[in-house]
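Coordinates as given in input.cif (mmCIF, C-alpha atoms (C1' of nucleotides)):
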data_input
#
loop_
_atom_site.label_atom_id
_atom_site.label_comp_id
_atom_site.auth_asym_id
_atom_site.auth_seq_id
_atom_site.Cartn_x
_atom_site.Cartn_y
_atom_site.Cartn_z
CA MET A 203 16.09 -28.66 1.41
CA LEU A 204 18.69 -28.53 -1.33
CA ARG A 205 16.85 -25.92 -3.27
CA CYS A 206 17.09 -23.06 -0.75
CA MET A 207 18.34 -20.58 -3.29
CA ASP A 208 15.85 -18.02 -2.02
CA ALA A 209 15.96 -18.50 1.70
CA ALA A 210 17.95 -16.92 4.47
CA ARG A 211 21.08 -18.64 5.74
CA LEU A 212 20.52 -20.25 9.13
CA ASP A 213 23.48 -20.38 11.49
CA GLY A 214 24.39 -22.82 14.24
CA PHE A 215 21.77 -25.33 15.29
CA LEU A 216 19.16 -23.22 13.47
CA ALA A 217 20.43 -24.86 10.31
CA ASP A 218 18.74 -28.13 11.19
CA ARG A 219 15.22 -26.87 10.93
CA ASP A 220 13.78 -30.08 12.38
CA THR A 221 15.37 -29.72 15.80
CA TRP A 222 13.74 -26.48 16.93
CA ARG A 223 10.45 -24.62 16.96
CA ALA A 224 10.10 -20.89 16.67
CA THR A 225 7.91 -20.78 19.77
CA HIS A 226 9.23 -17.50 21.13
CA CYS A 227 9.19 -15.91 17.72
CA SER A 228 8.61 -12.16 17.69
CA ILE A 229 6.62 -12.40 14.50
CA GLY A 230 3.97 -14.56 16.13
CA LYS A 231 3.85 -12.35 19.20
CA ALA A 232 3.50 -9.26 17.02
CA MET A 233 0.65 -10.88 15.11
CA ASP A 234 -1.14 -11.52 18.39
CA VAL A 235 -1.14 -7.77 18.97
CA ILE A 236 -1.88 -6.36 15.52
CA GLY A 237 -3.12 -9.42 13.65
CA THR A 238 -6.46 -7.91 12.71
CA ARG A 239 -7.36 -5.72 9.79
CA SER A 240 -9.04 -3.17 12.02
CA ALA A 241 -6.01 -2.82 14.30
CA VAL A 242 -3.67 -2.10 11.40
CA LEU A 243 -6.08 0.36 9.81
CA ILE A 244 -6.51 2.16 13.13
CA LEU A 245 -2.73 2.52 13.25
CA ARG A 246 -2.78 3.89 9.72
CA GLU A 247 -5.30 6.52 10.75
CA ALA A 248 -3.22 7.40 13.78
CA TYR A 249 -0.22 7.94 11.48
CA TYR A 250 -2.42 10.25 9.43
CA GLY A 251 -3.16 12.23 12.58
CA THR A 252 -6.46 10.86 13.89
CA THR A 253 -6.86 10.83 17.67
CA ARG A 254 -10.60 10.77 18.42
CA PHE A 255 -12.84 7.77 18.86
CA ASP A 256 -15.53 8.66 16.35
CA ASP A 257 -12.98 9.69 13.75
CA PHE A 258 -11.25 6.32 13.99
CA ALA A 259 -14.51 4.46 13.48
CA LYS A 260 -15.66 6.70 10.63
CA ARG A 261 -12.37 6.96 8.76
CA VAL A 262 -11.39 3.31 9.07
CA GLY A 263 -14.91 2.27 8.11
CA ILE A 264 -15.63 0.00 11.06
CA THR A 265 -18.43 0.03 13.60
CA GLU A 266 -18.04 1.88 16.85
CA ALA A 267 -18.18 -1.41 18.71
CA VAL A 268 -15.15 -2.71 16.83
CA ALA A 269 -13.32 0.59 17.20
CA ALA A 270 -13.94 0.47 20.95
CA SER A 271 -12.57 -3.08 21.24
CA ARG A 272 -9.47 -2.41 19.15
CA LEU A 273 -8.65 0.90 20.85
CA ARG A 274 -9.08 -0.74 24.24
CA GLU A 275 -6.76 -3.59 23.27
CA LEU A 276 -4.16 -1.39 21.61
CA THR A 277 -4.19 0.92 24.61
CA ALA A 278 -3.80 -2.03 26.97
CA GLU A 279 -0.84 -3.19 24.88
CA GLY A 280 0.70 0.26 25.16
CA LEU A 281 0.47 1.35 21.52
CA PHE A 282 -1.87 4.20 22.41
CA GLU A 283 -2.30 6.38 25.46
CA ARG A 284 -5.76 7.57 26.42
CA GLN A 285 -5.31 11.22 27.30
CA PRO A 286 -7.88 13.73 28.53
CA TYR A 287 -8.21 16.93 26.57
CA LYS A 288 -10.58 19.86 26.65
CA GLU A 289 -11.63 22.13 23.83
CA PRO A 290 -12.86 25.53 25.10
CA GLY A 291 -16.55 25.42 25.96
CA GLN A 292 -16.58 21.65 25.63
CA ARG A 293 -16.45 19.06 28.31
CA THR A 294 -13.36 17.00 28.93
CA ARG A 295 -12.94 14.19 26.45
CA PHE A 296 -10.33 11.56 25.72
CA GLU A 297 -8.13 11.11 22.76
CA TYR A 298 -5.95 8.22 21.69
CA VAL A 299 -2.35 9.27 21.19
CA LEU A 300 0.36 7.05 19.73
CA THR A 301 3.15 6.01 22.08
CA GLU A 302 6.67 5.28 20.92
CA LYS A 303 5.69 1.62 20.81
CA GLY A 304 2.85 2.49 18.46
CA ARG A 305 4.96 4.81 16.35
CA ASP A 306 7.63 2.14 16.03
CA LEU A 307 5.23 0.01 14.05
CA LEU A 308 5.42 2.50 11.20
CA PRO A 309 7.96 0.45 9.20
CA ALA A 310 5.73 -2.62 9.37
CA VAL A 311 2.63 -0.74 8.25
CA LEU A 312 4.44 1.13 5.50
CA ALA A 313 6.05 -2.11 4.32
CA LEU A 314 2.56 -3.55 3.88
CA MET A 315 1.51 -0.42 2.00
CA GLN A 316 4.55 -0.55 -0.26
CA TRP A 317 3.87 -4.20 -1.06
CA GLY A 318 0.19 -3.53 -1.70
CA ASP A 319 1.08 -0.60 -3.94
CA LYS A 320 3.25 -2.86 -6.07
CA TYR A 321 1.07 -5.95 -6.29
CA LEU A 322 -2.54 -5.18 -5.40
CA GLN A 323 -3.38 -1.91 -7.11
CA GLY A 324 -3.61 -2.95 -10.75
CA LYS A 325 -2.52 -0.32 -13.24
CA HIS A 326 -3.31 2.66 -11.05
CA GLY A 327 -0.28 2.18 -8.82
CA ALA A 328 0.14 3.66 -5.40
CA PRO A 329 -2.81 5.85 -4.42
CA ILE A 330 -0.61 7.79 -2.01
CA GLY A 331 3.01 8.83 -2.55
CA MET A 332 5.54 9.12 0.26
CA ARG A 333 8.32 11.67 0.36
CA ASP A 334 10.86 12.97 2.81
CA ASP A 335 9.41 16.28 3.93
CA ALA A 336 12.89 17.74 4.40
CA THR A 337 14.36 16.84 1.01
CA GLY A 338 11.40 15.91 -1.18
CA GLU A 339 13.04 12.58 -2.00
CA PRO A 340 10.87 9.47 -2.28
CA VAL A 341 10.70 7.24 0.77
CA ARG A 342 10.94 3.43 0.83
CA VAL A 343 11.00 0.68 3.43
CA GLU A 344 14.20 -1.33 3.16
CA VAL A 345 15.89 -4.29 4.80
CA ARG A 346 19.45 -3.09 5.11
CA SER A 347 22.81 -3.22 6.79
CA PRO A 348 24.60 0.14 7.21
CA ASP A 349 25.95 0.15 3.67
CA ARG A 350 23.37 -1.50 1.47
CA GLU A 351 19.99 -3.12 0.98
CA VAL A 352 20.16 -6.84 1.84
CA PRO A 353 18.17 -9.39 -0.20
CA LEU A 354 16.63 -12.47 1.41
CA ALA A 355 19.28 -14.82 0.08
CA GLU A 356 22.03 -12.78 1.73
CA LEU A 357 20.48 -12.63 5.17
CA ARG A 358 22.21 -14.61 7.89
CA LEU A 359 20.18 -15.57 10.95
CA THR A 360 21.97 -16.47 14.18
CA PRO A 361 20.42 -17.85 17.37
CA ASN A 362 20.60 -15.75 20.54
CA PHE A 363 19.28 -18.64 22.62
CA THR A 364 20.43 -22.13 23.46
CA GLU A 365 19.40 -25.35 21.86
CA GLU A 366 17.61 -26.39 25.07
CA ASP A 367 15.49 -23.25 25.01
CA ALA A 368 14.55 -24.09 21.48
CA SER A 369 12.52 -27.11 22.53
CA ARG A 370 10.86 -25.54 25.58
CA PRO A 371 7.36 -24.03 25.43
CA MET O 263 -6.31 18.14 14.98
CA LEU O 264 -3.93 20.74 16.32
CA ARG O 265 -1.80 18.26 18.20
CA CYS O 266 -0.46 16.32 15.22
CA MET O 267 3.13 16.58 16.36
CA ASP O 268 3.57 12.89 15.68
CA ALA O 269 1.69 12.36 12.48
CA ALA O 270 2.68 12.44 8.85
CA ARG O 271 2.11 15.60 6.84
CA LEU O 272 -0.82 15.23 4.46
CA ASP O 273 -0.64 17.14 1.18
CA GLY O 274 -3.35 18.58 -1.06
CA PHE O 275 -6.93 17.58 -0.32
CA LEU O 276 -5.60 14.77 1.87
CA ALA O 277 -5.07 17.43 4.51
CA ASP O 278 -8.79 17.66 5.19
CA ARG O 279 -9.19 14.19 6.58
CA ASP O 280 -12.98 14.46 6.66
CA THR O 281 -13.41 14.73 2.90
CA TRP O 282 -11.98 11.39 1.84
CA ARG O 283 -11.89 7.72 2.74
CA ALA O 284 -8.91 5.44 2.28
CA THR O 285 -11.04 2.91 0.42
CA HIS O 286 -8.39 1.88 -2.08
CA CYS O 287 -5.73 1.77 0.57
CA SER O 288 -2.96 -0.74 -0.03
CA ILE O 289 -2.67 -1.49 3.66
CA GLY O 290 -6.22 -2.82 3.83
CA LYS O 291 -5.76 -4.83 0.65
CA ALA O 292 -2.54 -6.29 1.99
CA MET O 293 -4.26 -7.25 5.23
CA ASP O 294 -6.91 -9.10 3.24
CA VAL O 295 -4.12 -11.29 1.85
CA ILE O 296 -1.89 -11.83 4.87
CA GLY O 297 -4.09 -10.73 7.73
CA THR O 298 -3.89 -14.02 9.61
CA ARG O 299 -1.31 -15.26 12.03
CA SER O 300 -0.92 -18.53 10.15
CA ALA O 301 -0.28 -16.82 6.81
CA VAL O 302 2.50 -14.66 8.22
CA LEU O 303 4.10 -17.57 10.05
CA ILE O 304 4.00 -19.67 6.89
CA LEU O 305 5.84 -16.87 5.14
CA ARG O 306 8.38 -16.83 7.94
CA GLU O 307 9.01 -20.54 7.45
CA ALA O 308 9.35 -20.05 3.73
CA TYR O 309 12.01 -17.38 4.38
CA TYR O 310 13.77 -19.95 6.56
CA GLY O 311 13.74 -22.35 3.62
CA THR O 312 10.70 -24.57 4.16
CA THR O 313 8.95 -25.75 1.00
CA ARG O 314 7.00 -28.90 1.88
CA PHE O 315 3.44 -29.16 3.13
CA ASP O 316 4.05 -31.25 6.22
CA ASP O 317 7.03 -29.15 7.23
CA PHE O 318 4.96 -25.98 7.09
CA ALA O 319 2.29 -27.47 9.33
CA LYS O 320 4.78 -28.96 11.78
CA ARG O 321 7.16 -26.01 12.02
CA VAL O 322 4.51 -23.31 12.19
CA GLY O 323 2.57 -25.35 14.73
CA ILE O 324 -0.79 -25.37 12.95
CA THR O 325 -3.02 -28.23 11.88
CA GLU O 326 -2.68 -29.67 8.42
CA ALA O 327 -6.16 -28.41 7.63
CA VAL O 328 -5.12 -24.83 8.33
CA ALA O 329 -1.85 -25.25 6.46
CA ALA O 330 -3.76 -26.55 3.46
CA SER O 331 -6.15 -23.56 3.48
CA ARG O 332 -3.45 -20.95 3.89
CA LEU O 333 -1.14 -22.49 1.28
CA ARG O 334 -4.04 -22.72 -1.14
CA GLU O 335 -4.94 -19.08 -0.57
CA LEU O 336 -1.37 -17.81 -0.72
CA THR O 337 -0.76 -19.81 -3.89
CA ALA O 338 -3.95 -18.42 -5.43
CA GLU O 339 -2.76 -14.93 -4.53
CA GLY O 340 0.56 -15.61 -6.22
CA LEU O 341 2.85 -15.56 -3.19
CA PHE O 342 3.77 -19.22 -3.68
CA GLU O 343 4.08 -21.45 -6.69
CA ARG O 344 3.17 -25.11 -6.40
CA GLN O 345 5.95 -26.96 -8.22
CA PRO O 346 6.37 -30.67 -8.84
CA TYR O 347 9.64 -32.20 -7.76
CA LYS O 348 11.01 -35.71 -7.56
CA GLU O 349 13.56 -37.12 -5.21
CA PRO O 350 15.27 -40.22 -6.64
CA GLY O 351 13.28 -43.35 -5.87
CA GLN O 352 10.36 -41.28 -4.65
CA ARG O 353 7.20 -40.43 -6.43
CA THR O 354 6.56 -36.94 -7.74
CA ARG O 355 5.48 -34.52 -5.05
CA PHE O 356 4.76 -30.82 -4.86
CA GLU O 357 6.56 -28.10 -3.04
CA TYR O 358 5.58 -24.52 -2.32
CA VAL O 359 8.16 -22.09 -3.60
CA LEU O 360 8.12 -18.35 -2.91
CA THR O 361 7.50 -16.09 -5.88
CA GLU O 362 8.91 -12.59 -6.15
CA LYS O 363 5.58 -11.35 -4.79
CA GLY O 364 6.04 -13.55 -1.75
CA ARG O 365 9.68 -12.65 -1.31
CA ASP O 366 8.81 -8.95 -1.51
CA LEU O 367 6.88 -9.27 1.74
CA LEU O 368 10.15 -9.83 3.57
CA PRO O 369 10.41 -6.19 4.76
CA ALA O 370 6.93 -6.33 6.25
CA VAL O 371 7.58 -9.60 8.08
CA LEU O 372 11.00 -8.52 9.32
CA ALA O 373 9.56 -5.18 10.45
CA LEU O 374 7.11 -7.10 12.62
CA MET O 375 9.94 -9.22 13.97
CA GLN O 376 12.07 -6.18 14.74
CA TRP O 377 9.19 -4.54 16.58
CA GLY O 378 8.40 -7.71 18.50
CA ASP O 379 12.08 -8.09 19.42
CA LYS O 380 12.06 -4.60 20.92
CA TYR O 381 8.74 -4.61 22.74
CA LEU O 382 7.45 -8.15 23.27
CA GLN O 383 10.44 -10.21 24.35
CA GLY O 384 11.01 -8.95 27.89
CA LYS O 385 14.61 -8.93 29.02
CA HIS O 386 15.77 -11.71 26.74
CA GLY O 387 15.77 -9.54 23.65
CA ALA O 388 15.69 -10.81 20.09
CA PRO O 389 15.80 -14.62 19.95
CA ILE O 390 17.31 -14.48 16.47
CA GLY O 391 19.88 -12.00 15.20
CA MET O 392 20.06 -10.78 11.60
CA ARG O 393 23.25 -9.97 9.76
CA ASP O 394 24.35 -9.21 6.26
CA ASP O 395 25.96 -12.45 5.10
CA ALA O 396 28.40 -10.56 2.92
CA THR O 397 29.71 -8.09 5.48
CA GLY O 398 28.61 -9.46 8.84
CA GLU O 399 26.97 -6.13 9.68
CA PRO O 400 23.66 -6.11 11.55
CA VAL O 401 20.52 -5.74 9.46
CA ARG O 402 17.54 -3.47 10.21
CA VAL O 403 14.29 -2.52 8.53
CA GLU O 404 14.15 1.22 7.91
CA VAL O 405 11.81 3.81 6.46
CA ARG O 406 14.16 5.95 4.44
CA SER O 407 14.81 8.31 1.59
CA PRO O 408 18.09 7.82 -0.31
CA ASP O 409 20.14 9.73 2.27
CA ARG O 410 18.61 9.07 5.65
CA GLU O 411 16.07 7.36 7.85
CA VAL O 412 12.81 9.33 7.89
CA PRO O 413 10.74 9.59 11.09
CA LEU O 414 6.95 9.65 11.03
CA ALA O 415 6.73 13.40 11.66
CA GLU O 416 8.86 14.12 8.59
CA LEU O 417 6.92 11.98 6.17
CA ARG O 418 4.92 13.82 3.53
CA LEU O 419 2.03 12.00 1.89
CA THR O 420 0.73 13.17 -1.47
CA PRO O 421 -2.37 11.92 -3.31
CA ASN O 422 -1.92 10.18 -6.68
CA PHE O 423 -5.65 10.22 -7.27
CA THR O 424 -8.32 12.86 -7.70
CA GLU O 425 -10.71 14.18 -5.11
CA GLU O 426 -13.62 12.56 -6.96
CA ASP O 427 -11.97 9.12 -6.77
CA ALA O 428 -11.62 9.65 -3.06
CA SER O 429 -15.34 9.44 -2.47
CA ARG O 430 -16.05 6.55 -4.85
CA PRO O 431 -16.31 2.93 -3.63
"C1'" DC C 272 -0.14 -57.25 -3.28
"C1'" DA C 273 -0.01 -55.50 1.44
"C1'" DC C 274 2.10 -51.75 3.60
"C1'" DC C 275 3.98 -47.18 4.36
"C1'" DT C 276 4.44 -42.27 3.74
"C1'" DG C 277 3.64 -37.66 2.31
"C1'" DA C 278 0.02 -34.86 1.13
"C1'" DC C 279 -3.78 -33.80 1.74
"C1'" DT C 280 -9.59 -33.81 2.91
"C1'" DA C 281 -13.55 -34.22 6.18
"C1'" DT C 282 -16.13 -33.54 10.37
"C1'" DG C 283 -17.28 -31.20 14.44
"C1'" DA C 284 -16.71 -27.63 17.71
"C1'" DC C 285 -15.24 -23.37 19.64
"C1'" DT C 286 -13.73 -18.44 19.49
"C1'" DA C 287 -12.75 -14.12 17.54
"C1'" DA C 288 -13.78 -10.58 14.24
"C1'" DC C 289 -17.08 -8.11 12.31
"C1'" DG C 290 -21.56 -5.72 10.84
"C1'" DC C 291 -26.10 -3.78 12.04
"C1'" DA C 292 -29.14 -1.67 15.17
"C1'" DA C 293 -30.33 0.22 19.39
"C1'" DG C 294 -29.37 1.93 24.00
"C1'" DT C 295 -26.68 4.57 27.60
"C1'" DC C 296 -24.50 8.37 29.76
"C1'" DA C 297 -22.27 12.73 30.97
"C1'" DG C 298 -21.93 17.30 30.36
"C1'" DG C 299 -22.54 21.62 27.83
"C1'" DT C 300 -26.15 24.61 25.15
"C1'" DG C 301 -30.46 27.05 24.35
"C1'" DC M 284 -34.69 21.56 32.16
"C1'" DA M 285 -35.09 19.48 27.63
"C1'" DC M 286 -31.99 18.58 24.07
"C1'" DC M 287 -27.80 17.42 21.65
"C1'" DT M 288 -23.39 15.27 20.93
"C1'" DG M 289 -19.36 12.55 21.52
"C1'" DA M 290 -18.09 8.39 23.39
"C1'" DC M 291 -19.09 4.60 24.17
"C1'" DT M 292 -21.97 -0.34 25.43
"C1'" DT M 293 -25.23 -4.10 24.44
"C1'" DG M 294 -27.43 -7.64 21.82
"C1'" DC M 295 -27.72 -10.48 17.87
"C1'" DG M 296 -26.33 -12.94 13.84
"C1'" DT M 297 -22.68 -14.23 10.40
"C1'" DT M 298 -18.33 -15.58 8.82
"C1'" DA M 299 -13.52 -16.74 9.28
"C1'" DG M 300 -9.67 -18.81 11.82
"C1'" DT M 301 -8.34 -22.35 14.57
"C1'" DC M 302 -7.88 -27.08 16.83
"C1'" DA M 303 -8.51 -32.13 17.33
"C1'" DT M 304 -9.33 -36.26 15.34
"C1'" DA M 305 -9.95 -39.26 11.70
"C1'" DG M 306 -10.06 -40.58 6.96
"C1'" DT M 307 -8.42 -40.71 1.97
"C1'" DC M 308 -5.39 -41.38 -1.83
"C1'" DA M 309 -1.42 -42.20 -4.86
"C1'" DG M 310 2.59 -44.34 -5.65
"C1'" DG M 311 6.91 -46.58 -4.34
"C1'" DT M 312 8.94 -50.54 -1.24
"C1'" DG M 313 9.35 -55.22 0.46
#

Will you turn the file into structure tokens for me?
Amino acid sequence: MLRCMDAARLDGFLADRDTWRATHCSIGKAMDVIGTRSAVLILREAYYGTTRFDDFAKRVGITEAVAASRLRELTAEGLFERQPYKEPGQRTRFEYVLTEKGRDLLPAVLALMQWGDKYLQGKHGAPIGMRDDATGEPVRVEVRSPDREVPLAELRLTPNFTEEDASRP
Amino acid sequence: MLRCMDAARLDGFLADRDTWRATHCSIGKAMDVIGTRSAVLILREAYYGTTRFDDFAKRVGITEAVAASRLRELTAEGLFERQPYKEPGQRTRFEYVLTEKGRDLLPAVLALMQWGDKYLQGKHGAPIGMRDDATGEPVRVEVRSPDREVPLAELRLTPNFTEEDASRP
DNA sequence: CACCTGACTATGACTAACGCAAGTCAGGTG
DNA sequence: CACCTGACTTGCGTTAGTCATAGTCAGGTG
């Protein structure tokens, strides 16, 4: 515990890591919602503009059964809305449209992409480049305070709950 | 495909979403590495400063068997290094220390946390607050170009590969 | 040298995630 | 009215992720 040169700084009773469990941790809860490969790839496709059932299955490369399960779950969790639509001369169908909750996962998904681009692509590098459509400048995902990017070692974590809560389920 | 008001802009042949598959996609590759709940929570603990086997198992709340598997996999993938250390009067043991590759996943993990704080915590809000240790300012994960935060609808994605690559395995 | 402790390994069982293949079903088209 | 198509559902088998419990193993302590 003396060699924490690359860890965040833990404030208050958080500092004694043996006295509390991160049971209400948002990271765990988030993983319960989008902890599968197919869920994240469906989100990716939605960011690319996909809205229809068959397109999700085809473009993600999963079976229709899996696409149906994931879309049902993600809709139940409120990341997608199932909306009726009607093309002329066609019957009414449903499409899966991102909600704000779904759109707000963009930083998480892009952070994964950015990491994969750097470490998992070999010499080819990023297969897809991201730019600001308004300015043409490259886009990155950053952990930052208003003025600057903050590295892990300069992050300070403070509890917003009491020590008693920490031990409860 | 006309209602893409909340999707990224796809450049070049990317625009015709039916002609290519995201087979080399970094997001999928990243999910192959950290697609499990236990892997992400182990990373969280590492960011909090944990380095020892038993502590990972205990603090994450997983069995030692699972901790052993995940730490083995994450070490094999290069996110952790297994380093010998010796406390005085103790025998030599091993600890799991984050590599740069592991540390670089911080934005992805914090993005999940930020999203979970907003949507999965009910009225309590974020159980843990993040601040810049140098300035005391709050810290956020952002998708941004040098000057500003970029929303999904103003992201432009450009291919760094050829149309032929797009169809290959 | 018996004991303890930290770091694992082993066994067994259950569930979730996934693929493949086939079936259903509603409504519009010829 | 037979057919087609998009949007699913069903059934089956495999693998991966997880838990619970118990066992091993190395080395330092008394």

d(atom CA of Arg332 of chain O, atom CA of Lys320 of chain A) in Å: 21.7 Å

The PyMOL selection byres ((chain O) within 7 of (chain A)) applied to the shown file, residues as a count of residues only: 56

Residue hits in chain O, query chain M, radius 9 Å, only C-alpha atoms (C1' of nucleotides), as a ChimeraX atom specification: /O:298,300,324-325,328,351-354

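Here the PyMOL selection byres ((chain C) within 8 of (chain O)) catches exactly these residues: DG277, DA278, DC279 and DT280 of chain C.
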
Which centre and which edge lengths, in Å to one decimal, describe the axis-aligned box that holds all listed atoms of segment 277-287 of chain C after 8 Å is added on each side, as lines of an AutoDock Vina configuration file?
center_x = -6.8
center_y = -25.9
center_z = 10.4
size_x = 36.9
size_y = 39.5
size_z = 34.5

Interatomic distance, atom C1' of DT286 of chain C to atom CA of Ala301 of chain O (Å, one decimal): 18.6 Å

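The coordinates place atom CA of Arg274 of chain A at 20.5 Å from atom C1' of DG294 of chain C.
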
Atoms kept (N, CA and C atoms) for segment 340-356 of chain O, as a CSV table (one decimal), in the first residue's frame:
chain,number,residue,atom,x,y,z
O,340,GLY,N,-1.3,-7.7,-20.9
O,340,GLY,CA,-0.4,-6.5,-20.7
O,340,GLY,C,-1.0,-5.3,-19.9
O,341,LEU,N,-2.2,-5.5,-19.2
O,341,LEU,CA,-2.7,-4.5,-18.5
O,341,LEU,C,-2.1,-4.4,-17.1
O,342,PHE,N,-1.7,-5.6,-16.6
O,342,PHE,CA,-1.0,-5.6,-15.3
O,342,PHE,C,0.4,-6.3,-15.5
O,343,GLU,N,1.3,-5.9,-14.6
O,343,GLU,CA,2.6,-6.6,-14.5
O,343,GLU,C,2.6,-7.3,-13.2
O,344,ARG,N,3.1,-8.6,-13.2
O,344,ARG,CA,3.2,-9.3,-12.0
O,344,ARG,C,4.6,-9.2,-11.4
O,345,GLN,N,4.8,-8.4,-10.3
O,345,GLN,CA,6.1,-8.0,-9.9
O,345,GLN,C,6.3,-8.6,-8.5
O,346,PRO,N,7.5,-9.2,-8.3
O,346,PRO,CA,7.9,-9.7,-7.0
O,346,PRO,C,8.1,-8.5,-6.0
O,347,TYR,N,7.8,-8.7,-4.8
O,347,TYR,CA,8.1,-7.6,-3.8
O,347,TYR,C,8.3,-8.4,-2.4
O,348,LYS,N,8.9,-7.7,-1.5
O,348,LYS,CA,9.3,-8.3,-0.3
O,348,LYS,C,9.1,-7.3,0.9
O,349,GLU,N,8.2,-7.6,1.8
O,349,GLU,CA,8.1,-6.8,3.0
O,349,GLU,C,9.1,-7.4,4.0
O,350,PRO,N,9.8,-6.6,4.8
O,350,PRO,CA,10.8,-7.1,5.7
O,350,PRO,C,10.2,-8.2,6.6
O,351,GLY,N,11.0,-9.3,6.7
O,351,GLY,CA,10.6,-10.4,7.5
O,351,GLY,C,9.5,-11.3,6.9
O,352,GLN,N,9.1,-10.9,5.7
O,352,GLN,CA,8.2,-11.7,5.0
O,352,GLN,C,8.8,-12.4,3.8
O,353,ARG,N,8.2,-13.4,3.3
O,353,ARG,CA,8.8,-14.0,2.1
O,353,ARG,C,8.5,-13.2,0.9
O,354,THR,N,9.1,-13.5,-0.2
O,354,THR,CA,8.8,-12.8,-1.5
O,354,THR,C,7.4,-13.1,-2.0
O,355,ARG,N,6.7,-12.1,-2.3
O,355,ARG,CA,5.4,-12.3,-2.9
O,355,ARG,C,5.3,-11.6,-4.2
O,356,PHE,N,4.1,-11.7,-4.8
O,356,PHE,CA,3.9,-11.0,-6.1
O,356,PHE,C,2.7,-10.0,-6.0
